[in-house]
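What follows is work_9.cif (mmCIF, C-alpha atoms).
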```
data_structure
#
loop_
_atom_site.group_PDB
_atom_site.id
_atom_site.type_symbol
_atom_site.label_atom_id
_atom_site.label_comp_id
_atom_site.auth_asym_id
_atom_site.auth_seq_id
_atom_site.Cartn_x
_atom_site.Cartn_y
_atom_site.Cartn_z
ATOM 1 C CA MET A 13 12.614 5.367 -3.073
ATOM 2 C CA ASP A 14 15.912 6.232 -4.569
ATOM 3 C CA ALA A 15 17.024 2.605 -4.878
ATOM 4 C CA ASP A 16 16.804 -0.070 -7.522
ATOM 5 C CA ASP A 17 15.435 -3.564 -6.865
ATOM 6 C CA LYS A 18 18.819 -5.001 -5.959
ATOM 7 C CA GLN A 19 19.386 -2.322 -3.310
ATOM 8 C CA LEU A 20 15.807 -2.610 -2.052
ATOM 9 C CA ARG A 21 16.094 -6.382 -1.675
ATOM 10 C CA ALA A 22 19.311 -6.018 0.318
ATOM 11 C CA PHE A 23 17.701 -3.339 2.478
ATOM 12 C CA ALA A 24 14.654 -5.563 3.121
ATOM 13 C CA GLY A 25 16.889 -8.104 4.851
ATOM 14 C CA VAL A 26 18.389 -5.611 7.296
ATOM 15 C CA VAL A 27 17.109 -5.857 10.864
ATOM 16 C CA LEU A 28 16.105 -2.432 12.162
ATOM 17 C CA ASN A 29 16.083 -1.328 15.762
ATOM 18 C CA ARG A 30 13.890 1.426 17.162
ATOM 19 C CA ALA A 31 16.634 4.064 16.933
ATOM 20 C CA SER A 32 17.407 3.525 13.248
ATOM 21 C CA ALA A 33 13.757 3.103 12.220
ATOM 22 C CA GLY A 34 12.868 6.480 13.700
ATOM 23 C CA ASN A 35 15.371 8.246 11.429
ATOM 24 C CA MET A 36 13.791 7.057 8.150
ATOM 25 C CA THR A 37 11.293 9.052 6.148
ATOM 26 C CA LEU A 38 9.268 8.549 2.978
ATOM 27 C CA SER A 39 8.754 11.422 0.611
ATOM 28 C CA VAL A 40 6.442 11.801 -2.353
ATOM 29 C CA PHE A 41 8.057 11.765 -5.778
ATOM 30 C CA ASP A 42 7.691 15.166 -7.419
ATOM 31 C CA LEU A 43 6.866 14.692 -11.107
ATOM 32 C CA THR A 44 7.536 18.376 -11.814
ATOM 33 C CA ASP A 45 11.139 18.146 -10.582
ATOM 34 C CA PRO A 46 13.384 18.786 -13.628
ATOM 35 C CA ALA A 47 16.281 16.752 -12.172
ATOM 36 C CA PRO A 48 16.860 13.555 -14.154
ATOM 37 C CA ARG A 49 15.845 10.359 -12.352
ATOM 38 C CA ASP A 50 16.759 6.763 -13.033
ATOM 39 C CA ALA A 51 13.632 5.108 -14.498
ATOM 40 C CA GLU A 52 14.382 1.809 -12.726
ATOM 41 C CA LYS A 53 14.339 3.547 -9.358
ATOM 42 C CA HIS A 54 10.902 5.096 -9.889
ATOM 43 C CA GLN A 55 8.076 2.639 -9.253
ATOM 44 C CA ASP A 56 4.418 2.458 -8.337
ATOM 45 C CA MET A 57 3.700 2.414 -4.578
ATOM 46 C CA SER A 58 1.717 -0.846 -4.720
ATOM 47 C CA ALA A 59 4.526 -2.560 -6.671
ATOM 48 C CA PHE A 60 7.033 -1.211 -4.149
ATOM 49 C CA LEU A 61 5.009 -2.501 -1.171
ATOM 50 C CA TRP A 62 4.417 -5.871 -2.883
ATOM 51 C CA LYS A 63 8.139 -6.408 -3.443
ATOM 52 C CA LEU A 64 9.027 -5.220 0.030
ATOM 53 C CA ALA A 65 6.473 -7.609 1.590
ATOM 54 C CA ILE A 66 7.844 -10.528 -0.430
ATOM 55 C CA TRP A 67 11.454 -9.825 0.444
ATOM 56 C CA THR A 68 10.884 -9.102 4.131
ATOM 57 C CA SER A 69 8.599 -12.090 4.722
ATOM 58 C CA LYS A 70 11.253 -14.599 3.598
ATOM 59 C CA GLY A 71 8.610 -17.331 3.553
ATOM 60 C CA ARG A 72 7.259 -16.544 7.033
ATOM 61 C CA PHE A 73 3.590 -16.057 7.859
ATOM 62 C CA PRO A 74 2.451 -12.454 8.524
ATOM 63 C CA ILE A 75 1.485 -11.295 12.002
ATOM 64 C CA GLY A 76 -2.191 -10.451 12.346
ATOM 65 C CA ILE A 77 -3.580 -13.346 10.314
ATOM 66 C CA ASP A 78 -4.695 -16.597 11.942
ATOM 67 C CA ILE A 79 -3.174 -19.529 10.063
ATOM 68 C CA TYR A 80 -6.093 -21.782 11.044
ATOM 69 C CA LYS A 81 -8.856 -19.504 9.695
ATOM 70 C CA PRO A 82 -9.813 -19.330 6.009
ATOM 71 C CA VAL A 83 -8.561 -16.431 3.894
ATOM 72 C CA TYR A 84 -9.777 -15.189 0.520
ATOM 73 C CA LEU A 85 -8.889 -12.537 -2.033
ATOM 74 C CA ASP A 86 -11.075 -9.469 -2.134
ATOM 75 C CA ARG A 87 -9.920 -8.835 -5.708
ATOM 76 C CA TRP A 88 -7.378 -10.242 -8.131
ATOM 77 C CA PRO A 89 -3.818 -8.820 -7.822
ATOM 78 C CA ASN A 90 -2.586 -6.785 -10.782
ATOM 79 C CA PHE A 91 0.094 -9.242 -11.893
ATOM 80 C CA THR A 92 0.990 -7.065 -14.883
ATOM 81 C CA ARG A 93 2.641 -4.600 -12.479
ATOM 82 C CA LEU A 94 3.684 -6.934 -9.656
ATOM 83 C CA VAL A 95 6.440 -9.484 -9.227
ATOM 84 C CA ILE A 96 4.925 -12.928 -9.699
ATOM 85 C CA THR A 97 6.043 -15.271 -6.936
ATOM 86 C CA PRO A 98 6.196 -19.048 -7.440
ATOM 87 C CA GLU A 99 2.687 -20.552 -7.661
ATOM 88 C CA ALA A 100 1.077 -17.096 -7.266
ATOM 89 C CA LEU A 101 -1.409 -17.542 -10.104
ATOM 90 C CA ARG A 102 -2.584 -20.910 -8.803
ATOM 91 C CA ILE A 103 -2.925 -19.601 -5.241
ATOM 92 C CA ALA A 104 -4.849 -16.532 -6.430
ATOM 93 C CA ALA A 105 -7.213 -18.666 -8.516
ATOM 94 C CA LEU A 106 -7.895 -20.933 -5.547
ATOM 95 C CA LEU A 107 -8.515 -18.035 -3.154
ATOM 96 C CA ILE A 108 -10.861 -16.263 -5.559
ATOM 97 C CA GLN A 109 -12.866 -19.485 -5.884
ATOM 98 C CA GLN A 110 -13.488 -19.948 -2.147
ATOM 99 C CA PRO A 111 -11.906 -19.205 1.236
ATOM 100 C CA ARG A 112 -9.309 -21.687 2.464
ATOM 101 C CA THR A 113 -6.824 -21.827 5.301
ATOM 102 C CA PRO A 114 -3.182 -21.331 4.294
ATOM 103 C CA LEU A 115 -2.508 -24.914 5.354
ATOM 104 C CA GLU A 116 -5.272 -26.167 3.016
ATOM 105 C CA ILE A 117 -3.882 -24.112 0.129
ATOM 106 C CA ALA A 118 -0.509 -25.821 0.348
ATOM 107 C CA GLU A 119 -2.158 -29.227 0.678
ATOM 108 C CA VAL A 120 -4.616 -28.798 -2.208
ATOM 109 C CA LEU A 121 -2.042 -27.328 -4.613
ATOM 110 C CA ARG A 122 0.768 -29.593 -3.331
ATOM 111 C CA ILE A 123 3.204 -26.725 -2.993
ATOM 112 C CA LYS A 124 5.646 -25.526 -0.347
ATOM 113 C CA MET A 125 4.197 -23.598 2.583
ATOM 114 C CA GLN A 126 6.697 -20.779 2.042
ATOM 115 C CA TYR A 127 5.106 -19.992 -1.360
ATOM 116 C CA VAL A 128 1.706 -19.661 0.309
ATOM 117 C CA PHE A 129 3.124 -17.539 3.130
ATOM 118 C CA VAL A 130 4.938 -15.177 0.747
ATOM 119 C CA PHE A 131 1.801 -14.715 -1.364
ATOM 120 C CA VAL A 132 -0.408 -14.190 1.705
ATOM 121 C CA SER A 133 2.065 -11.640 3.113
ATOM 122 C CA ALA A 134 2.166 -9.652 -0.120
ATOM 123 C CA CYS A 135 -1.622 -9.689 -0.590
ATOM 124 C CA HIS A 136 -2.165 -8.742 3.046
ATOM 125 C CA THR A 137 0.211 -5.785 2.642
ATOM 126 C CA LEU A 138 -1.781 -4.438 -0.320
ATOM 127 C CA GLY A 139 -5.124 -5.016 1.427
ATOM 128 C CA LEU A 140 -6.261 -7.668 -1.046
ATOM 129 C CA LEU A 141 -6.636 -10.443 1.522
ATOM 130 C CA ARG A 142 -9.508 -10.915 3.958
ATOM 131 C CA GLN A 143 -9.753 -13.358 6.855
ATOM 132 C CA SER A 144 -13.434 -13.451 7.703
ATOM 133 C CA GLU A 145 -15.847 -15.517 5.665
ATOM 134 C CA ARG A 146 -17.546 -13.886 2.718
ATOM 135 C CA GLN A 147 -21.283 -13.426 3.098
ATOM 136 C CA ALA A 148 -21.949 -15.651 0.077
ATOM 137 C CA ASP A 149 -19.948 -18.496 1.644
ATOM 138 C CA ALA A 150 -21.757 -18.443 4.977
ATOM 139 C CA VAL A 151 -24.395 -21.074 5.540
ATOM 140 C CA VAL A 152 -27.680 -19.467 6.464
ATOM 141 C CA ALA A 153 -29.236 -21.317 9.391
ATOM 142 C CA GLN A 154 -32.970 -21.843 9.329
ATOM 143 C CA PRO A 155 -34.750 -20.000 12.137
ATOM 144 C CA ALA A 156 -36.412 -22.199 14.739
ATOM 145 C CA PRO A 157 -40.123 -22.624 14.012
ATOM 146 C CA ARG A 158 -42.399 -20.723 16.365
ATOM 147 C CA PRO A 159 -45.263 -22.585 17.906
ATOM 148 C CA ALA A 160 -48.723 -21.535 16.815
ATOM 149 C CA LYS A 161 -50.594 -19.247 19.200
ATOM 150 C CA ASN A 162 -53.703 -21.409 19.244
ATOM 151 C CA GLN A 163 -52.388 -24.762 20.366
ATOM 152 C CA GLY A 164 -54.563 -27.741 21.003
ATOM 153 C CA LEU A 165 -54.627 -29.575 24.317
ATOM 154 C CA LEU A 166 -52.453 -32.424 23.012
ATOM 155 C CA SER A 167 -49.822 -29.955 21.672
ATOM 156 C CA LYS A 168 -49.637 -28.209 25.062
ATOM 157 C CA ILE A 169 -49.164 -31.523 26.881
ATOM 158 C CA LEU A 170 -46.432 -32.631 24.445
ATOM 159 C CA GLY A 171 -44.725 -29.246 24.804
ATOM 160 C CA LYS A 172 -44.647 -29.580 28.604
ATOM 161 C CA LEU A 173 -43.254 -33.118 28.324
ATOM 162 C CA ARG A 174 -40.517 -31.919 25.953
ATOM 163 C CA GLY A 175 -39.677 -28.995 28.231
ATOM 164 C CA GLU A 176 -40.570 -26.351 25.639
ATOM 165 C CA GLN A 177 -42.814 -24.342 27.883
#
```
Re-express the file's structure as structure tokens.
Amino acid sequence: MDADDKQLRAFAGVVLNRASAGNMTLSVFDLTDPAPRDAEKHQDMSAFLWKLAIWTSKGRFPIGIDIYKPVYLDRWPNFTRLVITPEALRIAALLIQQPRTPLEIAEVLRIKMQYVFVFVSACHTLGLLRQSERQADAVVAQPAPRPAKNQGLLSKILGKLRGEQ
């Protein structure tokens, strides 16, 4: 994108209609191009998407994620290259530990919901956030015991009384 962060942030707040959105294109940055480029305007795609998600969310919850279901981080965000939002490190640490609903995150950490929503939006944009439970967190239910093939007379009678047969 040929824009610095200030321009990008202003652009993120603009409401687009279908006509204007159809006229926009993204092009790959050509590293072999000899034309001089402003270093501040050249950025990593994940950092660009992270910032754009933060600025467009404006503290709102992203569409496509159920606020009442637990979320967790698939992997830790690369905070050395990303903008760190308020409480981001604490939220990330909590979500790596175990899945929680966004409402629980705000309650446990005693922070504003908008901080949780901004972080969830940014992580969701980069594909770091998952909604379903992790396999390790699921409780494995014990299978129902099967009755023995050779049952005694008393076991058969009790089974009929219980309605098992």
Seminar exercise, completed: From the list A:Arg142, A:Lys18, A:Arg93, A:Arg102, the nearest residue to Trp67 in chain A using only C-alpha atoms is A:Lys18
For this session: Please evaluate the PyMOL selection byres ((chain A and resi 115) around 12) against the structure above and give the resulting residues as a PyMOL selection string.
Result: chain A and resi 73+78-83+103+111-114+116-129+132
For this session: Determine, counting all atoms listed in the file, which protein, DNA and RNA residues have an atom within 8 Å of an atom of Ala65 in chain A; residues of the same chain fewer than 6 positions away are not included. Present the result as a ChimeraX atom specification.
Result: /A:130,133-134,137
Exercise. Any idea what the distance is between CA of Thr92 in chain A and CA of Ile77 in chain A?
Worked result: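 Separating CA of Thr92 in chain A from CA of Ile77 in chain A is a distance of 26.4 Å.
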For this session: Run the PyMOL selection byres ((chain A and resi 62) around 7) mentally over the shown coordinates, then write out the matched residues as number ranges by chain, using the chain letters and numbers from the document.
Result: A: 58-61, 63-66, 94, 134, 137-138
For this session: Name the closest residue to Asn90 in chain A among the candidates A:Leu140, A:Leu173, A:Leu20, A:Ile108; distances are taken between atoms, counting all atoms listed in the file.
Result: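 Between A:Leu140, A:Leu173, A:Leu20, A:Ile108, the residue approaching Asn90 in chain A most closely is A:Leu140.
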Would you compute, for all listed atoms of range 125-128 of chain A, the axis-aligned bounding box grown by 3 Å on each side, and then report its centre and edge lengths in Å rounded to one decimal, as JSON?
```
{"center_x": 4.2, "center_y": -21.6, "center_z": 0.6, "size_x": 11.0, "size_y": 9.9, "size_z": 9.9}
```
For this session: Work out how far apart CA of Lys70 in chain A and CA of Met57 in chain A are and give it in Å to one decimal.
Result: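 Separation between CA of Lys70 in chain A and CA of Met57 in chain A: 20.3 Å.
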